[in-house]
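S.K.: This one is run32.cif, mmCIF, C-alpha atoms.
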```
data_run
loop_
_atom_site.group_PDB
_atom_site.id
_atom_site.type_symbol
_atom_site.label_atom_id
_atom_site.label_comp_id
_atom_site.auth_asym_id
_atom_site.auth_seq_id
_atom_site.Cartn_x
_atom_site.Cartn_y
_atom_site.Cartn_z
ATOM 1 C CA MET G 30 -14.463 -9.773 -15.784
ATOM 2 C CA LYS G 31 -15.634 -12.319 -13.176
ATOM 3 C CA LYS G 32 -13.198 -13.527 -10.534
ATOM 4 C CA GLY G 33 -13.968 -16.570 -8.445
ATOM 5 C CA LEU G 34 -12.655 -17.812 -5.118
ATOM 6 C CA TRP G 35 -9.283 -19.588 -5.102
ATOM 7 C CA ILE G 36 -9.847 -22.620 -2.881
ATOM 8 C CA ASN G 37 -7.797 -25.807 -2.771
ATOM 9 C CA GLY G 38 -5.850 -24.917 -5.902
ATOM 10 C CA GLU G 39 -8.895 -24.173 -8.073
ATOM 11 C CA TRP G 40 -11.105 -21.266 -9.028
ATOM 12 C CA LYS G 41 -14.606 -21.640 -7.631
ATOM 13 C CA MET G 42 -17.561 -19.661 -8.929
ATOM 14 C CA THR G 43 -20.460 -18.748 -6.661
ATOM 15 C CA ALA G 44 -24.089 -17.723 -7.008
ATOM 16 C CA ASP G 45 -23.573 -14.230 -5.551
ATOM 17 C CA TRP G 46 -21.269 -11.587 -6.966
ATOM 18 C CA MET G 47 -20.070 -8.150 -5.905
ATOM 19 C CA GLU G 48 -19.495 -5.522 -8.580
ATOM 20 C CA VAL G 49 -16.458 -3.283 -8.303
ATOM 21 C CA GLN G 50 -16.882 0.074 -9.961
ATOM 22 C CA ALA G 51 -14.294 2.647 -10.942
ATOM 23 C CA PRO G 52 -14.855 5.531 -8.479
ATOM 24 C CA TYR G 53 -14.837 8.267 -11.137
ATOM 25 C CA SER G 54 -16.691 6.732 -14.069
ATOM 26 C CA GLN G 55 -18.825 4.214 -12.129
ATOM 27 C CA GLU G 56 -17.872 1.720 -14.850
ATOM 28 C CA VAL G 57 -18.013 -1.882 -13.638
ATOM 29 C CA ILE G 58 -14.422 -3.085 -13.810
ATOM 30 C CA ALA G 59 -14.828 -6.521 -12.224
ATOM 31 C CA GLN G 60 -17.174 -8.848 -10.420
ATOM 32 C CA PHE G 61 -15.956 -10.862 -7.456
ATOM 33 C CA ALA G 62 -17.463 -14.026 -6.066
ATOM 34 C CA MET G 63 -19.055 -13.657 -2.638
ATOM 35 C CA ALA G 64 -18.100 -16.497 -0.320
ATOM 36 C CA THR G 65 -20.736 -18.349 1.642
ATOM 37 C CA GLU G 66 -20.119 -19.750 5.104
ATOM 38 C CA GLN G 67 -19.638 -23.146 3.428
ATOM 39 C CA ASP G 68 -17.020 -21.664 1.061
ATOM 40 C CA VAL G 69 -15.117 -20.235 4.033
ATOM 41 C CA GLN G 70 -15.249 -23.584 5.819
ATOM 42 C CA GLU G 71 -13.973 -25.318 2.675
ATOM 43 C CA ALA G 72 -11.089 -22.827 2.446
ATOM 44 C CA ILE G 73 -10.168 -23.418 6.102
ATOM 45 C CA GLU G 74 -10.330 -27.194 5.714
ATOM 46 C CA SER G 75 -8.219 -27.035 2.550
ATOM 47 C CA ALA G 76 -5.624 -24.866 4.298
ATOM 48 C CA GLN G 77 -5.625 -27.208 7.289
ATOM 49 C CA ALA G 78 -5.092 -30.229 5.017
ATOM 50 C CA ALA G 79 -2.160 -28.477 3.303
ATOM 51 C CA ALA G 80 -0.568 -27.287 6.568
ATOM 52 C CA PRO G 81 1.677 -30.349 7.119
ATOM 53 C CA GLN G 82 3.029 -30.106 3.562
ATOM 54 C CA MET G 83 3.732 -26.372 3.998
ATOM 55 C CA ALA G 84 5.344 -26.923 7.400
ATOM 56 C CA ALA G 85 7.643 -29.550 5.871
ATOM 57 C CA LEU G 86 9.155 -27.076 3.388
ATOM 58 C CA THR G 87 12.712 -26.027 4.126
ATOM 59 C CA ALA G 88 13.589 -22.415 4.899
ATOM 60 C CA PHE G 89 15.188 -22.260 1.460
ATOM 61 C CA GLN G 90 12.002 -23.490 -0.238
ATOM 62 C CA ARG G 91 9.806 -20.997 1.640
ATOM 63 C CA ALA G 92 12.208 -18.196 0.743
ATOM 64 C CA GLU G 93 12.115 -19.290 -2.920
ATOM 65 C CA ILE G 94 8.305 -19.082 -2.961
ATOM 66 C CA LEU G 95 8.401 -15.565 -1.549
ATOM 67 C CA GLU G 96 11.172 -14.473 -3.944
ATOM 68 C CA HIS G 97 9.040 -15.824 -6.794
ATOM 69 C CA LEU G 98 6.114 -13.679 -5.609
ATOM 70 C CA ALA G 99 8.394 -10.631 -5.608
ATOM 71 C CA THR G 100 9.581 -11.487 -9.115
ATOM 72 C CA LEU G 101 6.026 -11.888 -10.410
ATOM 73 C CA PHE G 102 5.076 -8.478 -9.038
ATOM 74 C CA ALA G 103 8.173 -6.940 -10.631
ATOM 75 C CA GLU G 104 7.331 -8.561 -13.982
ATOM 76 C CA HIS G 105 3.702 -7.379 -13.798
ATOM 77 C CA ARG G 106 4.369 -4.053 -12.062
ATOM 78 C CA GLU G 107 2.584 -1.901 -14.627
ATOM 79 C CA GLU G 108 -0.533 -4.089 -14.767
ATOM 80 C CA ALA G 109 -0.754 -4.348 -10.956
ATOM 81 C CA ALA G 110 -0.342 -0.588 -10.513
ATOM 82 C CA SER G 111 -2.944 0.115 -13.207
ATOM 83 C CA ILE G 112 -5.481 -2.135 -11.472
ATOM 84 C CA ILE G 113 -4.897 -0.424 -8.120
ATOM 85 C CA SER G 114 -5.226 2.993 -9.733
ATOM 86 C CA LEU G 115 -8.419 2.117 -11.593
ATOM 87 C CA GLU G 116 -10.061 0.322 -8.669
ATOM 88 C CA SER G 117 -9.247 2.828 -5.930
ATOM 89 C CA ALA G 118 -8.764 6.078 -7.838
ATOM 90 C CA LYS G 119 -5.246 6.202 -6.438
ATOM 91 C CA PRO G 120 -2.892 8.272 -8.615
ATOM 92 C CA LEU G 121 -0.738 5.977 -10.726
ATOM 93 C CA LYS G 122 2.423 7.358 -9.130
ATOM 94 C CA TYR G 123 1.246 6.118 -5.714
ATOM 95 C CA ALA G 124 0.044 2.810 -7.135
ATOM 96 C CA TYR G 125 3.545 2.187 -8.519
ATOM 97 C CA ALA G 126 4.988 3.061 -5.111
ATOM 98 C CA GLU G 127 2.656 0.527 -3.503
ATOM 99 C CA ILE G 128 3.714 -2.219 -5.895
ATOM 100 C CA ASP G 129 7.377 -1.382 -5.281
ATOM 101 C CA ARG G 130 6.750 -1.626 -1.532
ATOM 102 C CA THR G 131 4.892 -4.924 -2.067
ATOM 103 C CA ILE G 132 7.951 -6.320 -3.849
ATOM 104 C CA GLU G 133 10.160 -5.206 -0.942
ATOM 105 C CA THR G 134 7.760 -6.718 1.601
ATOM 106 C CA TYR G 135 7.899 -10.132 -0.078
ATOM 107 C CA LYS G 136 11.712 -9.887 -0.307
ATOM 108 C CA PHE G 137 11.929 -9.043 3.409
ATOM 109 C CA ALA G 138 9.706 -12.033 4.185
ATOM 110 C CA ALA G 139 11.935 -14.259 2.016
ATOM 111 C CA GLU G 140 14.961 -13.150 4.021
ATOM 112 C CA GLU G 141 13.145 -13.788 7.296
ATOM 113 C CA ALA G 142 12.161 -17.291 6.167
ATOM 114 C CA LYS G 143 15.852 -18.169 6.398
ATOM 115 C CA ARG G 144 16.237 -16.672 9.879
ATOM 116 C CA LEU G 145 13.256 -18.235 11.674
ATOM 117 C CA THR G 146 15.229 -20.912 13.462
ATOM 118 C CA GLY G 147 14.871 -20.622 17.254
ATOM 119 C CA GLU G 148 17.409 -19.912 19.988
ATOM 120 C CA MET G 149 20.233 -21.512 21.962
ATOM 121 C CA ILE G 150 20.092 -20.311 25.575
ATOM 122 C CA PRO G 151 22.968 -20.756 28.063
ATOM 123 C CA MET G 152 21.604 -22.139 31.347
ATOM 124 C CA ASP G 153 24.570 -21.005 33.467
ATOM 125 C CA ALA G 154 22.493 -18.386 35.284
ATOM 126 C CA SER G 155 21.384 -21.151 37.649
ATOM 127 C CA LYS G 156 23.569 -23.054 40.143
ATOM 128 C CA ASN G 157 23.435 -26.346 38.236
ATOM 129 C CA GLY G 158 23.355 -24.836 34.751
ATOM 130 C CA GLU G 159 27.081 -24.596 34.073
ATOM 131 C CA GLY G 160 27.895 -26.172 30.724
ATOM 132 C CA ARG G 161 24.213 -26.659 29.895
ATOM 133 C CA PHE G 162 22.127 -25.134 27.158
ATOM 134 C CA ALA G 163 18.440 -25.008 26.374
ATOM 135 C CA TYR G 164 17.102 -24.490 22.905
ATOM 136 C CA THR G 165 13.893 -23.454 21.217
ATOM 137 C CA LEU G 166 12.652 -24.335 17.760
ATOM 138 C CA ARG G 167 10.227 -22.241 15.782
ATOM 139 C CA GLU G 168 7.392 -24.275 14.351
ATOM 140 C CA PRO G 169 4.474 -23.205 12.145
ATOM 141 C CA ILE G 170 1.166 -22.701 13.949
ATOM 142 C CA GLY G 171 -0.949 -24.012 11.054
ATOM 143 C CA VAL G 172 -3.626 -21.938 9.338
ATOM 144 C CA VAL G 173 -3.436 -18.149 9.475
ATOM 145 C CA ALA G 174 -6.648 -16.178 8.907
ATOM 146 C CA ALA G 175 -6.094 -12.727 7.406
ATOM 147 C CA ILE G 176 -8.399 -9.852 6.527
ATOM 148 C CA THR G 177 -6.961 -6.832 4.750
ATOM 149 C CA PRO G 178 -8.374 -3.356 4.065
ATOM 150 C CA PHE G 179 -8.836 -1.645 0.724
ATOM 151 C CA ASN G 180 -6.493 1.342 0.999
ATOM 152 C CA PHE G 181 -3.258 -0.522 0.192
ATOM 153 C CA PRO G 182 -4.676 -3.626 -1.496
ATOM 154 C CA GLN G 183 -1.388 -5.291 -2.417
ATOM 155 C CA ASN G 184 1.093 -4.204 0.229
ATOM 156 C CA LEU G 185 -1.201 -4.915 3.172
ATOM 157 C CA VAL G 186 -1.894 -8.354 1.704
ATOM 158 C CA ALA G 187 1.882 -8.869 1.457
ATOM 159 C CA HIS G 188 2.213 -7.936 5.137
ATOM 160 C CA LYS G 189 -0.089 -10.865 5.991
ATOM 161 C CA VAL G 190 0.878 -13.422 3.340
ATOM 162 C CA GLY G 191 4.647 -12.874 3.520
ATOM 163 C CA PRO G 192 5.167 -13.617 7.231
ATOM 164 C CA ALA G 193 2.651 -16.486 7.201
ATOM 165 C CA LEU G 194 4.469 -18.254 4.362
ATOM 166 C CA ALA G 195 7.909 -17.382 5.741
ATOM 167 C CA ALA G 196 7.014 -19.165 8.972
ATOM 168 C CA GLY G 197 5.681 -22.223 7.117
ATOM 169 C CA ASN G 198 1.966 -21.617 7.633
ATOM 170 C CA THR G 199 -0.947 -21.840 5.237
ATOM 171 C CA ILE G 200 -3.249 -18.835 4.953
ATOM 172 C CA VAL G 201 -6.896 -18.055 4.281
ATOM 173 C CA LEU G 202 -7.099 -14.489 3.001
ATOM 174 C CA LYS G 203 -10.144 -12.228 2.756
ATOM 175 C CA PRO G 204 -9.050 -8.982 1.090
#
```
Could you show the structure in this file as structure tokens?
M.R.:
Amino acid sequence: MKKGLWINGEWKMTADWMEVQAPYSQEVIAQFAMATEQDVQEAIESAQAAAPQMAALTAFQRAEILEHLATLFAEHREEAASIISLESAKPLKYAYAEIDRTIETYKFAAEEAKRLTGEMIPMDASKNGEGRFAYTLREPIGVVAAITPFNFPQNLVAHKVGPALAAGNTIVLKP
């Protein structure tokens, strides 16, 4: 099974591929596209172009996206755990635990999306501050670059993707 790069809402195939083998049988279980420097630049530019649209989403909309991710993982729990187990030789019991934690991580991020608002700060600590307030607003920073390790392939991705989306950022992910 060949898997391309997901860039700008489309799958992109490349000239170079990396084979992933099952650790015990050495059977090739997938082939993944290897990104070139140009592919990475295209992904960054695409994320940058989408950043204003992502930043404009309401807290509710960002939370909905993250809840949907959690739901998809719950609906495909068995398949996701089986892939982790096959690819990393992780016992199925631990792969299920990772998927369950991934679901929780996306749910936590969905909850946080609704709380990322800023602060109201009383200014009465200074002589002329009586009756005055300052405030801060949280704003997305733009494109988040994330690299995740292999040992918890879904939950560690969720720990990068969840907060980035919750805060209204786009993300370029290299698992």
S.K.: For the structure shown, which residues end up in the PyMOL selection byres ((chain G and resi 76-93) around 8)? Put them as a ChimeraX atom specification, please?
M.R.: /G:37,72-75,94-97,138-143,145,168-169,171-172,194-195,197-201
S.K.: Please write as a count of residues only the full residue list that the PyMOL selection byres ((chain G and resi 109) around 12) yields on this file.
M.R.: 28
S.K.: Can you list, as a list in words, every protein, DNA or RNA residue that comes within 8 Å of segment 44-55 of chain G when you count only C-alpha atoms, leaving out same-chain residues fewer than 2 positions away?
M.R.: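 Final neighbour list, sorted by chain and number: Met42, Val57, Ile58, Ala59, Gln60, Phe61, Ala62, Met63, Ala64, Leu115, Glu116, Ser117 and Ala118 of chain G.
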S.K.: May I have the residues from that selection written out with C-alpha atoms, as a short mmCIF file (atom, residue, chain, number, x, y, z; two decimals), in the coordinates of the input?
M.R.:
```cif
data_model
loop_
_atom_site.label_atom_id
_atom_site.label_comp_id
_atom_site.auth_asym_id
_atom_site.auth_seq_id
_atom_site.Cartn_x
_atom_site.Cartn_y
_atom_site.Cartn_z
CA MET G 42 -17.56 -19.66 -8.93
CA VAL G 57 -18.01 -1.88 -13.64
CA ILE G 58 -14.42 -3.08 -13.81
CA ALA G 59 -14.83 -6.52 -12.22
CA GLN G 60 -17.17 -8.85 -10.42
CA PHE G 61 -15.96 -10.86 -7.46
CA ALA G 62 -17.46 -14.03 -6.07
CA MET G 63 -19.06 -13.66 -2.64
CA ALA G 64 -18.10 -16.50 -0.32
CA LEU G 115 -8.42 2.12 -11.59
CA GLU G 116 -10.06 0.32 -8.67
CA SER G 117 -9.25 2.83 -5.93
CA ALA G 118 -8.76 6.08 -7.84
#
```
S.K.: Enclose segment 101-112 of chain G, meaning all of its atoms listed in the file, in a box aligned along x, y and z, pad it by 5 Å on each side, and list the centre and edge lengths in Å to one decimal, as JSON.
M.R.:
```
{"center_x": 1.3, "center_y": -5.9, "center_z": -11.9, "size_x": 23.7, "size_y": 22.0, "size_z": 15.7}
```
S.K.: List the residues selected by the PyMOL selection byres ((chain G and resi 167) around 6) in the file shown, writing them as a PyMOL selection string.
M.R.: chain G and resi 146-147+166+168
S.K.: Quick one: pull the distance between atom CA of Ala175 of chain G and atom CA of Gln67 of chain G, Å, one decimal.
M.R.: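 Atom CA of Gln67 of chain G lies 17.5 Å from atom CA of Ala175 of chain G.
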S.K.: Tell me which of G:Lys156, G:Leu185, G:Glu148, G:Ala163 sits closest to Arg130 of chain G, counting all atoms listed in the file.
M.R.: G:Leu185
S.K.: Please report the interatomic distance between atom CA of Thr177 of chain G and atom CA of Lys203 of chain G in Å with one decimal.
M.R.: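 One can read the atom CA of Thr177 of chain G to atom CA of Lys203 of chain G distance as 6.6 Å.
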S.K.: So what do you get for atom CA of Lys189 of chain G versus atom CA of Met30 of chain G, distance-wise?
M.R.: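 We find that atom CA of Lys189 of chain G and atom CA of Met30 of chain G lie 26.1 Å from each other.
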